[in-house]
Amino acid sequence: MKLLVVEDEQKLRSQLCQILEQQAYKIEQAIDGEEALYMGLEFPIDLAIVDLGLPKINGVDVIKKWREAGIVFPILILTARGNWQDKVEGLDAGADDYLVKPFHLAELLARVKALLRRIGGHASSDLIFGNITIDLSAKQVYLSGKLIELTAYEYNTLEYLVHRLDKPVSKTELTEHLYDQDHDRDSNVIEVFIGRLRKKLDPSGELNPIKTVRGQGYRFDLKKVTSH
Amino acid sequence: MSIFSLNSIHGRLIIASIILLPLVCGLLAWSLDKAYSTSIMQGQQRQMLLQAYALMATAEIEESTLLLPEQMTDDRLNQLSSDTFAVVVGESIKAGGVVWQSLSASNKLIDPTWNGKPLTTGQQYFSTAKFGLEDYFVFQYAVEWEGKLGMVFPFQFVVFENSATSDRQLFEYRSTLWWWLGGIAFCLIVLQLIILRWGLQPIAGLINDLSAVQQGKTDSLSGHYPEELTVMTDSINQLIQHEAKQRERYRYTLADLAHSIKNPVAIIASALGQAEGRAKLQNASEQGWFNDIVEQNQRINQIVSYQLNRAVGSSAAPFNKAILIKSVCEKIVSALKKVYVDKNILVSINIDEAASFRGDEGDLMELLGNLLDNAFKYGGHEISILAEGSTSYLELSIEDKGPGMNQSEKIQLVHRGERSDTAIPGQGIGLAVVNDIVASYGGELSLDSSSLGGLKVSLSFNWNGQTG
C-alpha cells in the first residue's frame with residue numbers, strides 16, 4: 001500500500017514516515033501543498049495523510065482539487081488547531097477522517113488501517129475467507145487458525161488484492177503500489193510473490209485463492225465468509 | 001415609554017411645544033386685545049371730543065349766563081332713553097354746580113360724589129366712571145368764555161356715554177379672538193406633533209436598525225439616514241466591522257499559536273511513542289523518568305488544547321448575528337457520518353427553521369461539534385437532535401442510545417481535561433469546552449438520561465437578557 005504523507009514540519013514528517021514504513025507501507029512525502037497536489041494527481045496513492053496548515057496551497061484546497069480531479073483515495077487530515085470549523089471544512093472538502101495533533105501513534109495507525117479497510121468495503125479488521133483469516137490490524141494471516149509466516153511484500157501483495165476483492169489487479173498496478181517511486185521495478189518479482197503466496201495460503205492446491213486473469217493480472221477469488 | 005417622558009427627545013419636544021404654543025398664543029391674544037381696546041377707547045374719545053365741540057359751537061354767553069339751545073342737533077342728547085348725555089359746569093367742578101344739562105341727562109342718576117377732575121383751561125380729560133350699576137365714559141373739556149367788558153367765564157363741558165356698547169363690542173371681539181387663537185393653537189400642536197414625528201423618524205429608524213443588529217438579525221446599519229446621523233451610523237458600522245475583524249485576527253493568531261505549539265508537542269509525543277516501542281529501558285528509575293516525560297508532554301498538550309479552545313470562544317459579543325442552527329448542524333452531522341461510516345448511526349434531526357444561535361459561528365461549531373462527536377463516539381447507533389427557538393431563545397438537546405453515565409461521571413465530564421473512558425481517543429476536553437462556551441453566553445448545560453436509553457445533553461440560551 002502506498003501512502004502519501006503531506007506535512008511541512010520536517011521532523012514530524014520523518015517520524016510519520018518512519019512509523020508507517022515500519023508497518024510495511026510504501027511512503028511518498030510532500031512538504032507543501034503544491035508538491036502534494038502534484039503527487040496526488042500523478043502517483044498511484046492508496047491513502048494520503050494531509051496536514052491542513054501547509055505552505056503554498058493549504059491542505060483544504062489540495063483536497064478539494066484532488067476530489068475535483070476525480071481522485072478517490074481516502075484522506076486523513078491532521079490539524080493542529082483542532083477546532084471544528086477546520087475539521088468540518090476539511091471533511092466537507094473531501095477528507096474521510098481527521099486527527100488532532102498531537103496524536104498517539106497507535107491511534108494514527110488505527111485510523112490509517114480503518115481507512116484502507118474501507119477501500120475494500122470491509123467493516124471489520126478480521127477478514128475470513130474459508131480457513132484463511134487475515135487480521136488487517138495486526139497485519140497477520142492465519143490458515144486454519146495457524147499463523148503463516150509472510151514477508152512484508154507478500155503480505156502487502158495479499159492485502160492489496162483483498163482490498164480489491166473480485167477485481168483483477170495488473171502487475172503494473174501491484175508494482176506501483178508495493179514499491180517506492182524510485183525503486184528498480186521488475187514485474188517478475190510480483191510473479192514470485194504470487195507464487196509464494198499461493199503456496200503458503202493453499203498448500204494443498206485445492207482453494208486456488210489467487211487466480212490469474214488472462215491479460216489483466218491477478219484476482220483474489222475467495223468469498224468473504226463473515227466479518228465481525 | 002410615555003410620550004411625555006423627559007428622558008426622550010420626542011417627549012421633551014412635545015412638552016416644550018405644549019408649553020410654548022399656548023404661551024405664544026396667550027401673549028398674542030393679550031397684545032391683540034390690548035391694541036383693539038385701545039383703539040376703541042381712542043375712537044370713543046375722538047367721538048366725545050366732537051360732541052363737546054358741537055356743544056361749544058351752540059353755546060353763547062349772555063349777561064354772564066351760558067345759554068344753550070334746548071334741542072340739540074345730536075338727537076342722542078335730546079332723548080331720555082339715550083345712553084349719551086352732557087352737562088356744563090361752571091367755574092370749577094368742585095365749587096360750581098351744573099349750569100346746563102342735556103335733555104337726555106334728566107333721568108340719569110349722577111353720583112353726587114362724582115366731581116370730575118379739576119382741569120386748567122384748554123385741558124381735556126377722558127376717563128370712566130360708575131353711576132349706579134352702569135359704567136360710563138366721561139370726557140371733560142375745560143374752556144374759558146370771554147364775555148362783554150372782557151370778563152372771562154370758566155366752564156367745563158362734560159360728555160357722558162354709557163360704555164355698554166363698547167364693552168359688548170370688546171366682548172364679542174375677545175370671544176372671536178380667543179376661539180380663533182385656541183383653534184390655531186390646537187392645529188399648531190397637532191401640526192407640531194406631525195412635524196416632530198416626521199423629523200424624528202430617522203432616529204426611530206436608527207433605533208429599530210440598532211435593535212435588529214443587537215438581536216442578531218443583521219450585522220450592520222444599512223438604512224438611509226439623514227446627513228446629521230450618517231457620521232454616527234458610519235462610526236457604528238466601522239466599530240462593528242472592526243470588532244469582527246479583530247475577532248477574526250484573534251482567531252487566526254490563536255490558530256497560528258496552536259500550530260506553533262502543537263507541532264513540537266506532536267514531535268515529542270511521536271518520538272516518545274517510537275522510543276517506547278523499540279528501546280529497552282535499563283531499570284525502574286529510567287522507566288519512571290520516561291513515564292514522567294510522557295505524562296508531562298500529555299499534560300502540556302491538554303493544557304494548551306484546553307486554553308486555546310477557551311480563548312477562541314469569543315463569548316457574547318455586542319454585535320453578534322443570529323446563525324441558523326439547522327444548516328450548521330446538518331453540515332457537522334454529514335462530516336461526522338463520514339468519519340463514523342462503519343458505525344451505521346441513525347441520526348434524526350428535528351430543528352426549527354427559525355432556531356438560531358446569537359453568537360460566533362466558530363463557537364456554535366465548537367458546541368455542536370464536540371457534543372455530536374461525543375454522541376457519535378459513545379452514543380450507540382441512534383442519535384436524536386432537537387432544537388427550538390428564535391432569535392431571542394434557544395433550547396437544544398442531543399440524545400443518544402449509548403450506555404449513558406452516572407452522576408459522578410456527569411460532574412467529572414464538565415470539568416476540564418477529564419473524560420470518562422480514557423481508552424477512547426480524544427483530548428478529553430470537549431464537554432469542558434462546551435461548558436465554558438455555554439457559560440460565556442449566559443446559557444445553561446444539563447446532562448440527563450435520554451428516553452433513547454443513553455445520555456441527553458441539553459443547552460438553553462435566553463438572548464433577551466443579553467445587554468449586547
# chains A, B, ... in the order shown; residues from 1 in each chain; ligands from 1
call {"tool": "interface_residues", "arguments": {"of": "chain A", "to": "chain B", "cutoff": "8 Å", "atoms": "only C-alpha atoms", "output": "compact mmCIF listing (two decimals) with N, CA and C atoms, in the first residue's frame"}}
result
# COMPACT_ATOMS: atom_id res chain seq x y z
N GLU A 9 6.28 20.20 8.56
CA GLU A 9 7.23 20.12 9.68
C GLU A 9 8.12 18.88 9.45
N LYS A 11 10.55 17.27 10.98
CA LYS A 11 10.75 16.20 11.98
C LYS A 11 9.52 15.32 12.11
N LEU A 12 8.38 15.98 12.16
CA LEU A 12 7.13 15.22 12.31
C LEU A 12 6.91 14.34 11.07
N GLN A 15 9.17 11.37 11.21
CA GLN A 15 8.67 10.42 12.21
C GLN A 15 7.49 9.62 11.67
N LEU A 16 6.58 10.35 11.04
CA LEU A 16 5.39 9.68 10.47
C LEU A 16 5.82 8.64 9.44
N ILE A 19 7.37 5.56 11.10
CA ILE A 19 6.38 4.68 11.75
C ILE A 19 5.60 3.88 10.71
N GLY A 53 -2.43 22.82 7.72
CA GLY A 53 -1.66 24.07 7.65
C GLY A 53 -0.40 23.90 6.81
N ALA A 80 -3.60 20.96 13.67
CA ALA A 80 -3.03 21.40 14.95
C ALA A 80 -4.05 22.23 15.71
N ARG A 81 -4.87 22.96 14.95
CA ARG A 81 -5.83 23.86 15.60
C ARG A 81 -6.90 23.10 16.36
N ASN A 83 -9.97 22.91 15.91
CA ASN A 83 -11.32 23.45 16.05
C ASN A 83 -12.24 22.82 15.00
N TRP A 84 -13.51 22.85 15.32
CA TRP A 84 -14.48 22.15 14.49
C TRP A 84 -14.71 22.78 13.13
N GLN A 85 -14.46 24.08 13.06
CA GLN A 85 -14.61 24.75 11.78
C GLN A 85 -13.61 24.14 10.77
N VAL A 88 -14.59 20.34 10.02
CA VAL A 88 -15.74 20.22 9.13
C VAL A 88 -15.38 20.69 7.72
N LEU A 91 -13.35 17.88 6.13
CA LEU A 91 -14.19 16.72 5.78
C LEU A 91 -15.12 17.06 4.63
N ASP A 92 -15.64 18.31 4.67
CA ASP A 92 -16.53 18.78 3.62
C ASP A 92 -15.80 18.86 2.28
N ASP A 96 -11.69 12.02 4.68
CA ASP A 96 -12.53 10.95 5.23
C ASP A 96 -12.44 10.84 6.74
N ASP A 97 -11.37 11.36 7.30
CA ASP A 97 -11.21 11.28 8.77
C ASP A 97 -10.25 12.39 9.20
N TYR A 98 -10.22 12.66 10.49
CA TYR A 98 -9.33 13.70 10.98
C TYR A 98 -8.61 13.22 12.23
N LYS A 101 -3.52 17.06 16.29
CA LYS A 101 -2.15 16.97 16.82
C LYS A 101 -2.12 17.41 18.27
N PRO A 102 -1.31 16.86 19.10
CA PRO A 102 -0.50 15.67 18.90
C PRO A 102 -1.36 14.41 19.02
N PHE A 103 -0.93 13.34 18.40
CA PHE A 103 -1.76 12.13 18.40
C PHE A 103 -0.91 10.95 18.86
N HIS A 104 -1.60 9.92 19.33
CA HIS A 104 -0.89 8.69 19.68
C HIS A 104 -0.60 7.94 18.39
N LEU A 105 0.57 7.37 18.33
CA LEU A 105 0.93 6.64 17.11
C LEU A 105 -0.05 5.51 16.84
N GLU A 107 -3.08 5.43 17.54
CA GLU A 107 -4.33 6.00 17.01
C GLU A 107 -4.19 6.30 15.53
N ALA A 123 -15.80 -3.82 6.90
CA ALA A 123 -16.13 -3.08 8.12
C ALA A 123 -15.25 -3.52 9.27
call {"tool": "residues_around", "arguments": {"residues": "Ile128 of chain A", "least_positions_apart": "4", "cutoff": "12 Å", "atoms": "only C-alpha atoms", "output": "PyMOL selection string"}}
result
chain A and resi 122+124+132-136+141-145+162+222-228
call {"tool": "select_by_dssp", "arguments": {"residues": "segment 33-204 of chain A", "states": "strand (DSSP E)", "output": "ChimeraX atom specification"}}
result
/A:47-51,75-79,97-100,126-129,132-135,140-143,146-148
call {"tool": "write_last_selection", "arguments": {"atoms": "N, CA and C atoms", "output": "PDB file, in the first residue's frame"}}
result
ATOM      1  N   LEU A  47      -3.586   6.039   0.017  1.00  0.00           N
ATOM      2  CA  LEU A  47      -4.137   6.846   1.125  1.00  0.00           C
ATOM      3  C   LEU A  47      -3.211   8.043   1.349  1.00  0.00           C
ATOM      4  N   ALA A  48      -3.829   9.182   1.682  1.00  0.00           N
ATOM      5  CA  ALA A  48      -2.996  10.363   1.954  1.00  0.00           C
ATOM      6  C   ALA A  48      -3.244  10.865   3.369  1.00  0.00           C
ATOM      7  N   ILE A  49      -2.148  11.234   4.017  1.00  0.00           N
ATOM      8  CA  ILE A  49      -2.242  11.876   5.334  1.00  0.00           C
ATOM      9  C   ILE A  49      -1.828  13.328   5.108  1.00  0.00           C
ATOM     10  N   VAL A  50      -2.790  14.241   5.310  1.00  0.00           N
ATOM     11  CA  VAL A  50      -2.539  15.639   4.928  1.00  0.00           C
ATOM     12  C   VAL A  50      -2.673  16.573   6.123  1.00  0.00           C
ATOM     13  N   ASP A  51      -1.621  17.344   6.360  1.00  0.00           N
ATOM     14  CA  ASP A  51      -1.692  18.385   7.384  1.00  0.00           C
ATOM     15  C   ASP A  51      -2.458  19.564   6.771  1.00  0.00           C
ATOM     16  N   ILE A  75      -8.505  10.036   2.547  1.00  0.00           N
ATOM     17  CA  ILE A  75      -7.620  11.103   3.050  1.00  0.00           C
ATOM     18  C   ILE A  75      -7.847  11.276   4.553  1.00  0.00           C
ATOM     19  N   LEU A  76      -6.740  11.270   5.268  1.00  0.00           N
ATOM     20  CA  LEU A  76      -6.787  11.526   6.717  1.00  0.00           C
ATOM     21  C   LEU A  76      -6.157  12.896   6.944  1.00  0.00           C
ATOM     22  N   ILE A  77      -6.928  13.801   7.560  1.00  0.00           N
ATOM     23  CA  ILE A  77      -6.344  15.132   7.778  1.00  0.00           C
ATOM     24  C   ILE A  77      -5.769  15.245   9.186  1.00  0.00           C
ATOM     25  N   LEU A  78      -4.676  15.984   9.256  1.00  0.00           N
ATOM     26  CA  LEU A  78      -4.053  16.282  10.548  1.00  0.00           C
ATOM     27  C   LEU A  78      -4.259  17.766  10.800  1.00  0.00           C
ATOM     28  N   THR A  79      -4.731  18.118  11.975  1.00  0.00           N
ATOM     29  CA  THR A  79      -4.905  19.532  12.275  1.00  0.00           C
ATOM     30  C   THR A  79      -4.344  19.866  13.652  1.00  0.00           C
ATOM     31  N   ASP A  97     -11.365  11.364   7.302  1.00  0.00           N
ATOM     32  CA  ASP A  97     -11.210  11.283   8.766  1.00  0.00           C
ATOM     33  C   ASP A  97     -10.249  12.385   9.201  1.00  0.00           C
ATOM     34  N   TYR A  98     -10.224  12.656  10.488  1.00  0.00           N
ATOM     35  CA  TYR A  98      -9.328  13.701  10.977  1.00  0.00           C
ATOM     36  C   TYR A  98      -8.608  13.220  12.235  1.00  0.00           C
ATOM     37  N   LEU A  99      -7.482  13.850  12.496  1.00  0.00           N
ATOM     38  CA  LEU A  99      -6.726  13.546  13.700  1.00  0.00           C
ATOM     39  C   LEU A  99      -6.134  14.860  14.203  1.00  0.00           C
ATOM     40  N   VAL A 100      -6.326  15.121  15.487  1.00  0.00           N
ATOM     41  CA  VAL A 100      -5.825  16.380  16.047  1.00  0.00           C
ATOM     42  C   VAL A 100      -4.432  16.151  16.625  1.00  0.00           C
ATOM     43  N   ASP A 126     -10.826  -8.094  10.837  1.00  0.00           N
ATOM     44  CA  ASP A 126     -10.603  -9.532  10.626  1.00  0.00           C
ATOM     45  C   ASP A 126     -11.408 -10.001   9.411  1.00  0.00           C
ATOM     46  N   LEU A 127     -10.704 -10.402   8.384  1.00  0.00           N
ATOM     47  CA  LEU A 127     -11.392 -10.869   7.175  1.00  0.00           C
ATOM     48  C   LEU A 127     -11.235 -12.387   7.088  1.00  0.00           C
ATOM     49  N   ILE A 128     -12.384 -13.046   6.955  1.00  0.00           N
ATOM     50  CA  ILE A 128     -12.339 -14.515   6.936  1.00  0.00           C
ATOM     51  C   ILE A 128     -12.781 -15.029   5.561  1.00  0.00           C
ATOM     52  N   PHE A 129     -11.907 -15.798   4.959  1.00  0.00           N
ATOM     53  CA  PHE A 129     -12.206 -16.422   3.661  1.00  0.00           C
ATOM     54  C   PHE A 129     -11.993 -17.928   3.838  1.00  0.00           C
ATOM     55  N   ILE A 132      -8.930 -19.274   5.684  1.00  0.00           N
ATOM     56  CA  ILE A 132      -7.904 -18.211   5.706  1.00  0.00           C
ATOM     57  C   ILE A 132      -8.471 -16.996   6.464  1.00  0.00           C
ATOM     58  N   THR A 133      -7.740 -16.536   7.451  1.00  0.00           N
ATOM     59  CA  THR A 133      -8.151 -15.339   8.196  1.00  0.00           C
ATOM     60  C   THR A 133      -7.048 -14.291   8.075  1.00  0.00           C
ATOM     61  N   ILE A 134      -7.462 -13.101   7.648  1.00  0.00           N
ATOM     62  CA  ILE A 134      -6.478 -12.008   7.537  1.00  0.00           C
ATOM     63  C   ILE A 134      -6.805 -10.964   8.603  1.00  0.00           C
ATOM     64  N   ASP A 135      -5.837 -10.699   9.487  1.00  0.00           N
ATOM     65  CA  ASP A 135      -6.007  -9.668  10.520  1.00  0.00           C
ATOM     66  C   ASP A 135      -5.341  -8.394   9.999  1.00  0.00           C
ATOM     67  N   GLN A 140      -1.445  -9.803   9.981  1.00  0.00           N
ATOM     68  CA  GLN A 140      -1.077 -11.215  10.072  1.00  0.00           C
ATOM     69  C   GLN A 140      -2.126 -12.088   9.385  1.00  0.00           C
ATOM     70  N   VAL A 141      -1.683 -13.234   8.912  1.00  0.00           N
ATOM     71  CA  VAL A 141      -2.581 -14.128   8.177  1.00  0.00           C
ATOM     72  C   VAL A 141      -2.537 -15.515   8.841  1.00  0.00           C
ATOM     73  N   TYR A 142      -3.722 -16.087   8.997  1.00  0.00           N
ATOM     74  CA  TYR A 142      -3.827 -17.407   9.633  1.00  0.00           C
ATOM     75  C   TYR A 142      -4.449 -18.398   8.655  1.00  0.00           C
ATOM     76  N   LEU A 143      -3.920 -19.595   8.680  1.00  0.00           N
ATOM     77  CA  LEU A 143      -4.509 -20.661   7.865  1.00  0.00           C
ATOM     78  C   LEU A 143      -4.956 -21.742   8.837  1.00  0.00           C
ATOM     79  N   LYS A 146      -3.709 -21.246  12.221  1.00  0.00           N
ATOM     80  CA  LYS A 146      -2.256 -21.218  12.430  1.00  0.00           C
ATOM     81  C   LYS A 146      -1.649 -20.044  11.678  1.00  0.00           C
ATOM     82  N   LEU A 147      -0.756 -19.327  12.366  1.00  0.00           N
ATOM     83  CA  LEU A 147      -0.126 -18.158  11.768  1.00  0.00           C
ATOM     84  C   LEU A 147       0.787 -18.567  10.620  1.00  0.00           C
ATOM     85  N   ILE A 148       0.639 -17.870   9.497  1.00  0.00           N
ATOM     86  CA  ILE A 148       1.522 -18.142   8.354  1.00  0.00           C
ATOM     87  C   ILE A 148       2.604 -17.070   8.348  1.00  0.00           C
TER      88      ILE A 148
END
call {"tool": "closest_residue", "arguments": {"among": "B:Phe290, B:Phe157, B:Phe126, B:Phe461", "to": "Ala275 of chain B", "atoms": "only C-alpha atoms"}}
result
B:Phe290
call {"tool": "residues_around", "arguments": {"residues": "Ser446 of chain B", "least_positions_apart": "5", "cutoff": "9 Å", "atoms": "only C-alpha atoms", "output": "JSON, numbers by chain"}}
result
{"B": [456, 457, 458, 459, 460]}
call {"tool": "write_last_selection", "arguments": {"atoms": "C-alpha atoms", "output": "CSV table (one decimal), in the first residue's frame"}}
result
chain,number,residue,atom,x,y,z
B,456,LYS,CA,-29.2,13.6,27.0
B,457,VAL,CA,-27.2,16.8,26.8
B,458,SER,CA,-29.4,20.0,26.9
B,459,LEU,CA,-28.4,23.5,26.2
B,460,SER,CA,-30.6,26.5,26.8
call {"tool": "atom_distance", "arguments": {"atom1": "atom CA of Val152 of chain B", "atom2": "atom CA of Leu68 of chain B"}}
result
17.8 Å
call {"tool": "residues_around", "arguments": {"residues": "Gln124 of chain B", "least_positions_apart": "6", "cutoff": "9 Å", "atoms": "only C-alpha atoms", "output": "list in words"}}
result
Leu49, Phe139, Gln140, Tyr141 and Ala142 of chain B
call {"tool": "atom_distance", "arguments": {"atom1": "atom CA of Phe73 of chain A", "atom2": "atom CA of Glu28 of chain A"}}
result
14.1 Å
call {"tool": "residues_around", "arguments": {"residues": "segment 9-22 of chain B", "least_positions_apart": "4", "cutoff": "10 Å", "atoms": "only C-alpha atoms", "output": "list in words"}}
result
Met1, Ser2, Ile3, Phe4, Ser5, Gly26, Leu27, Leu28, Leu181, Gly182, Ile184, Ala185, Phe186, Leu188, Ile189, Val190, Gln192, Leu193, Leu196, Arg197, Gly199, Leu200, Ile203 and Ala204 of chain B
call {"tool": "write_last_selection", "arguments": {"atoms": "C-alpha atoms", "output": "PDB file, in the first residue's frame"}}
result
ATOM      1  CA  MET B   1     -42.129  54.624  27.453  1.00  0.00           C
ATOM      2  CA  SER B   2     -44.598  57.509  27.832  1.00  0.00           C
ATOM      3  CA  ILE B   3     -44.595  60.128  25.065  1.00  0.00           C
ATOM      4  CA  PHE B   4     -44.288  62.777  27.812  1.00  0.00           C
ATOM      5  CA  SER B   5     -41.131  61.300  29.277  1.00  0.00           C
ATOM      6  CA  GLY B  26     -51.850  83.816  25.020  1.00  0.00           C
ATOM      7  CA  LEU B  27     -49.354  86.650  24.583  1.00  0.00           C
ATOM      8  CA  LEU B  28     -50.552  87.188  21.031  1.00  0.00           C
ATOM      9  CA  LEU B 181     -56.459  81.580  18.649  1.00  0.00           C
ATOM     10  CA  GLY B 182     -57.490  78.439  20.549  1.00  0.00           C
ATOM     11  CA  ILE B 184     -54.969  77.876  15.757  1.00  0.00           C
ATOM     12  CA  ALA B 185     -53.054  76.738  18.876  1.00  0.00           C
ATOM     13  CA  PHE B 186     -54.686  73.322  18.697  1.00  0.00           C
ATOM     14  CA  LEU B 188     -50.345  74.089  15.616  1.00  0.00           C
ATOM     15  CA  ILE B 189     -49.890  71.484  18.352  1.00  0.00           C
ATOM     16  CA  VAL B 190     -51.253  68.749  16.091  1.00  0.00           C
ATOM     17  CA  GLN B 192     -46.101  70.193  15.590  1.00  0.00           C
ATOM     18  CA  LEU B 193     -46.657  66.558  16.635  1.00  0.00           C
ATOM     19  CA  LEU B 196     -41.906  66.003  15.278  1.00  0.00           C
ATOM     20  CA  ARG B 197     -42.828  62.531  14.208  1.00  0.00           C
ATOM     21  CA  GLY B 199     -38.468  64.898  11.893  1.00  0.00           C
ATOM     22  CA  LEU B 200     -37.603  62.184  14.394  1.00  0.00           C
ATOM     23  CA  ILE B 203     -33.903  58.408  14.737  1.00  0.00           C
ATOM     24  CA  ALA B 204     -36.751  55.925  15.211  1.00  0.00           C
TER      25      ALA B 204
END
call {"tool": "residues_around", "arguments": {"residues": "Ile207 of chain B", "least_positions_apart": "3", "cutoff": "12 Å", "atoms": "only C-alpha atoms", "output": "ChimeraX atom specification"}}
result
/B:200-204,210-214,221,223,225,229,233
call {"tool": "residues_around", "arguments": {"residues": "segment 56-66 of chain A", "least_positions_apart": "3", "cutoff": "6 Å", "atoms": "only C-alpha atoms", "output": "list in words"}}
result
Gly33, Glu34, Leu37, Leu52, Gly53, Ala69, Ile71, Gly90 and Ala93 of chain A
call {"tool": "write_last_selection", "arguments": {"atoms": "N, CA and C atoms", "output": "short mmCIF file (atom, residue, chain, number, x, y, z; two decimals), in the first residue's frame"}}
result
data_model
loop_
_atom_site.label_atom_id
_atom_site.label_comp_id
_atom_site.auth_asym_id
_atom_site.auth_seq_id
_atom_site.Cartn_x
_atom_site.Cartn_y
_atom_site.Cartn_z
N GLY A 33 1.80 22.23 -0.18
CA GLY A 33 0.56 21.95 -0.89
C GLY A 33 0.76 21.71 -2.37
N GLU A 34 1.68 22.46 -2.95
CA GLU A 34 1.91 22.36 -4.39
C GLU A 34 2.43 20.96 -4.76
N LEU A 37 -0.22 18.31 -4.22
CA LEU A 37 -1.21 18.29 -5.30
C LEU A 37 -0.68 17.50 -6.50
N LEU A 52 -3.33 20.20 7.55
CA LEU A 52 -4.13 21.30 6.96
C LEU A 52 -3.34 22.58 6.81
N GLY A 53 -2.43 22.82 7.72
CA GLY A 53 -1.66 24.07 7.65
C GLY A 53 -0.40 23.90 6.81
N ALA A 69 -10.56 16.60 -9.36
CA ALA A 69 -9.89 15.89 -10.45
C ALA A 69 -10.28 14.40 -10.47
N ILE A 71 -9.90 12.18 -7.94
CA ILE A 71 -9.08 11.32 -7.08
C ILE A 71 -9.95 10.77 -5.94
N GLY A 90 -12.45 20.55 6.32
CA GLY A 90 -11.62 19.51 5.72
C GLY A 90 -12.44 18.33 5.27
N ALA A 93 -14.52 19.18 2.33
CA ALA A 93 -13.73 19.30 1.09
C ALA A 93 -13.49 17.93 0.46
#
call {"tool": "atom_distance", "arguments": {"atom1": "atom CA of Leu67 of chain B", "atom2": "atom CA of Gln47 of chain B"}}
result
23.1 Å
call {"tool": "closest_residue", "arguments": {"among": "A:Leu197, A:Ile119, A:Leu54, A:Leu41", "to": "Glu154 of chain A", "atoms": "only C-alpha atoms"}}
result
A:Leu197
call {"tool": "select_by_dssp", "arguments": {"residues": "segment 224-420 of chain B", "states": "helix (DSSP H, G or I)", "output": "ChimeraX atom specification"}}
result
/B:227-278,284-312,325-339,341-343,361-378,407-413
